[in-house]
$ cat target_38.pdb   # PDB, C-alpha atoms and all ligand atoms
MODEL        1
ATOM      1  CA  MET A   1      73.080  90.016 129.836  1.00  0.00           C
ATOM      2  CA  LEU A   2      74.793  90.854 133.073  1.00  0.00           C
ATOM      3  CA  VAL A   3      77.474  93.516 133.276  1.00  0.00           C
ATOM      4  CA  ILE A   4      79.861  94.126 136.153  1.00  0.00           C
ATOM      5  CA  ILE A   5      81.387  97.545 136.555  1.00  0.00           C
ATOM      6  CA  SER A   6      84.798  96.341 137.675  1.00  0.00           C
ATOM      7  CA  GLU A   7      85.879  99.761 138.959  1.00  0.00           C
ATOM      8  CA  LYS A   8      83.080  99.589 141.546  1.00  0.00           C
ATOM      9  CA  CYS A   9      83.461  95.952 142.634  1.00  0.00           C
ATOM     10  CA  ILE A  10      85.175  95.493 146.008  1.00  0.00           C
ATOM     11  CA  GLU A  11      85.277  91.676 145.640  1.00  0.00           C
ATOM     12  CA  CYS A  12      83.125  91.124 148.720  1.00  0.00           C
ATOM     13  CA  GLY A  13      81.918  87.769 147.381  1.00  0.00           C
ATOM     14  CA  LEU A  14      78.243  88.369 148.133  1.00  0.00           C
ATOM     15  CA  CYS A  15      77.112  87.942 144.561  1.00  0.00           C
ATOM     16  CA  SER A  16      78.673  84.500 144.250  1.00  0.00           C
ATOM     17  CA  LEU A  17      77.068  83.437 147.544  1.00  0.00           C
ATOM     18  CA  LEU A  18      73.630  84.534 146.371  1.00  0.00           C
ATOM     19  CA  CYS A  19      73.737  83.321 142.798  1.00  0.00           C
ATOM     20  CA  PRO A  20      71.574  80.196 142.292  1.00  0.00           C
ATOM     21  CA  SER A  21      73.485  79.091 139.231  1.00  0.00           C
ATOM     22  CA  GLY A  22      77.104  79.739 140.124  1.00  0.00           C
ATOM     23  CA  ALA A  23      77.375  82.244 137.302  1.00  0.00           C
ATOM     24  CA  ILE A  24      79.198  84.978 139.142  1.00  0.00           C
ATOM     25  CA  ALA A  25      82.330  85.277 141.237  1.00  0.00           C
ATOM     26  CA  ASN A  26      84.131  88.345 142.499  1.00  0.00           C
ATOM     27  CA  GLY A  27      84.061  90.700 139.587  1.00  0.00           C
ATOM     28  CA  SER A  28      83.357  88.341 136.745  1.00  0.00           C
ATOM     29  CA  VAL A  29      80.248  86.704 135.326  1.00  0.00           C
ATOM     30  CA  ASP A  30      79.639  83.818 132.941  1.00  0.00           C
ATOM     31  CA  ASN A  31      76.616  84.994 131.010  1.00  0.00           C
ATOM     32  CA  SER A  32      76.056  81.518 129.583  1.00  0.00           C
ATOM     33  CA  LEU A  33      75.103  80.375 133.123  1.00  0.00           C
ATOM     34  CA  CYS A  34      73.285  83.519 134.293  1.00  0.00           C
ATOM     35  CA  LEU A  35      69.512  83.181 134.683  1.00  0.00           C
ATOM     36  CA  LEU A  36      68.968  86.958 134.917  1.00  0.00           C
ATOM     37  CA  CYS A  37      67.211  86.492 138.265  1.00  0.00           C
ATOM     38  CA  GLY A  38      68.475  89.883 139.458  1.00  0.00           C
ATOM     39  CA  GLU A  39      69.482  88.639 142.898  1.00  0.00           C
ATOM     40  CA  CYS A  40      73.086  89.797 142.627  1.00  0.00           C
ATOM     41  CA  GLU A  41      72.132  93.178 141.209  1.00  0.00           C
ATOM     42  CA  ALA A  42      69.648  93.799 144.012  1.00  0.00           C
ATOM     43  CA  ASN A  43      72.150  92.943 146.748  1.00  0.00           C
ATOM     44  CA  CYS A  44      75.513  94.224 145.548  1.00  0.00           C
ATOM     45  CA  PRO A  45      76.615  96.756 148.169  1.00  0.00           C
ATOM     46  CA  GLU A  46      78.534  98.768 145.587  1.00  0.00           C
ATOM     47  CA  LYS A  47      75.851  98.712 142.881  1.00  0.00           C
ATOM     48  CA  ALA A  48      78.506  97.276 140.612  1.00  0.00           C
ATOM     49  CA  ILE A  49      76.148  94.924 138.769  1.00  0.00           C
ATOM     50  CA  LYS A  50      73.721  95.825 136.023  1.00  0.00           C
ATOM     51  CA  VAL A  51      71.267  93.555 134.274  1.00  0.00           C
ATOM     52  CA  SER A  52      70.515  94.696 130.780  1.00  0.00           C
ATOM     53  CA  GLU A  53      68.609  93.111 127.914  1.00  0.00           C
TER
HETATM   54  S1  LIG B   1      78.432  91.775 145.285  1.00  0.00           S
HETATM   55 FE1  LIG B   1      79.172  93.517 144.043  1.00  0.00          FE
HETATM   56  S2  LIG B   1      80.973  94.290 145.119  1.00  0.00           S
HETATM   57 FE2  LIG B   1      80.539  92.237 145.912  1.00  0.00          FE
HETATM   58  S3  LIG B   1      81.850  90.856 144.655  1.00  0.00           S
HETATM   59 FE3  LIG B   1      79.828  90.964 143.690  1.00  0.00          FE
HETATM   60  S4  LIG B   1      79.997  92.613 142.126  1.00  0.00           S
HETATM   61 FE4  LIG B   1      81.692  92.842 143.566  1.00  0.00          FE
HETATM   62  S1  LIG B   2      71.334  87.592 137.816  1.00  0.00           S
HETATM   63 FE1  LIG B   2      70.984  85.781 139.123  1.00  0.00          FE
HETATM   64  S2  LIG B   2      71.766  84.030 137.912  1.00  0.00           S
HETATM   65 FE2  LIG B   2      72.648  85.898 137.036  1.00  0.00          FE
HETATM   66  S3  LIG B   2      74.628  86.127 138.039  1.00  0.00           S
HETATM   67 FE3  LIG B   2      73.115  87.368 139.195  1.00  0.00          FE
HETATM   68  S4  LIG B   2      72.419  86.015 140.848  1.00  0.00           S
HETATM   69 FE4  LIG B   2      73.422  84.738 139.271  1.00  0.00          FE
ENDMDL
END

$ encode --input "target_38.pdb" --output "structure tokens" --more "lines below"
Ligand code: SF4
Ligand code: SF4
Amino acid sequence: MLVIISEKCIECGLCSLLCPSGAIANGSVDNSLCLLCGECEANCPEKAIKVSE
């Protein structure tokens, strides 16, 4: 599942732009939609996103 460290998120919106499934928006994720592609984690400028099994 995907975890967002809310203390680190600056709500830049990049993750929601990049997400192919619309699973994530500033600081919150719907894990039922997340495909675990890793795109948001790789590009978050604050390293606020972690993908874990
Ligand atoms: S890319 Fe990172 S800092 Fe930007 S809104 Fe998403 S989780 Fe927050
Ligand atoms: S891992 Fe991929 S599908 Fe899941 S929220 Fe991030 S960009 Fe979207």

$ resolve_selection --input "target_38.pdb" --expression "the PyMOL selection byres (((chain A and resi 4) around 8) and not hetatm)" --output "VMD selection string"
chain A and resid 2 to 3 5 to 6 9 27 to 29 48 to 50

$ write_last_selection --input "target_38.pdb" --atoms "C-alpha atoms" --output "PDB file, keeping the file's coordinate frame"
ATOM      1  CA  LEU A   2      74.793  90.854 133.073  1.00  0.00           C
ATOM      2  CA  VAL A   3      77.474  93.516 133.276  1.00  0.00           C
ATOM      3  CA  ILE A   5      81.387  97.545 136.555  1.00  0.00           C
ATOM      4  CA  SER A   6      84.798  96.341 137.675  1.00  0.00           C
ATOM      5  CA  CYS A   9      83.461  95.952 142.634  1.00  0.00           C
ATOM      6  CA  GLY A  27      84.061  90.700 139.587  1.00  0.00           C
ATOM      7  CA  SER A  28      83.357  88.341 136.745  1.00  0.00           C
ATOM      8  CA  VAL A  29      80.248  86.704 135.326  1.00  0.00           C
ATOM      9  CA  ALA A  48      78.506  97.276 140.612  1.00  0.00           C
ATOM     10  CA  ILE A  49      76.148  94.924 138.769  1.00  0.00           C
ATOM     11  CA  LYS A  50      73.721  95.825 136.023  1.00  0.00           C
TER      12      LYS A  50
END

$ residues_near_ligand --input "target_38.pdb" --ligand "ligand LIG 1 (chain B)" --cutoff "6 Å" --atoms "all atoms listed in the file" --output "JSON, numbers by chain"
{"A": [9, 10, 11, 12, 13, 14, 15, 26, 27, 44, 45, 46, 48, 49]}

$ residues_near_ligand --input "target_38.pdb" --ligand "ligand LIG 2 (chain B)" --cutoff "9 Å" --atoms "only C-alpha atoms and all ligand atoms" --output "JSON, numbers by chain"
{"A": [1, 2, 15, 16, 17, 18, 19, 20, 21, 22, 23, 24, 25, 29, 30, 31, 33, 34, 35, 36, 37, 38, 39, 40, 41, 42, 49, 50, 51]}

$ axis_aligned_box --input "target_38.pdb" --around "range 19-32 of chain A" --padding-each-side "4 Å" --output "lines of an AutoDock Vina configuration file"
center_x = 77.9
center_y = 84.9
center_z = 136.2
size_x = 20.6
size_y = 19.6
size_z = 21.2
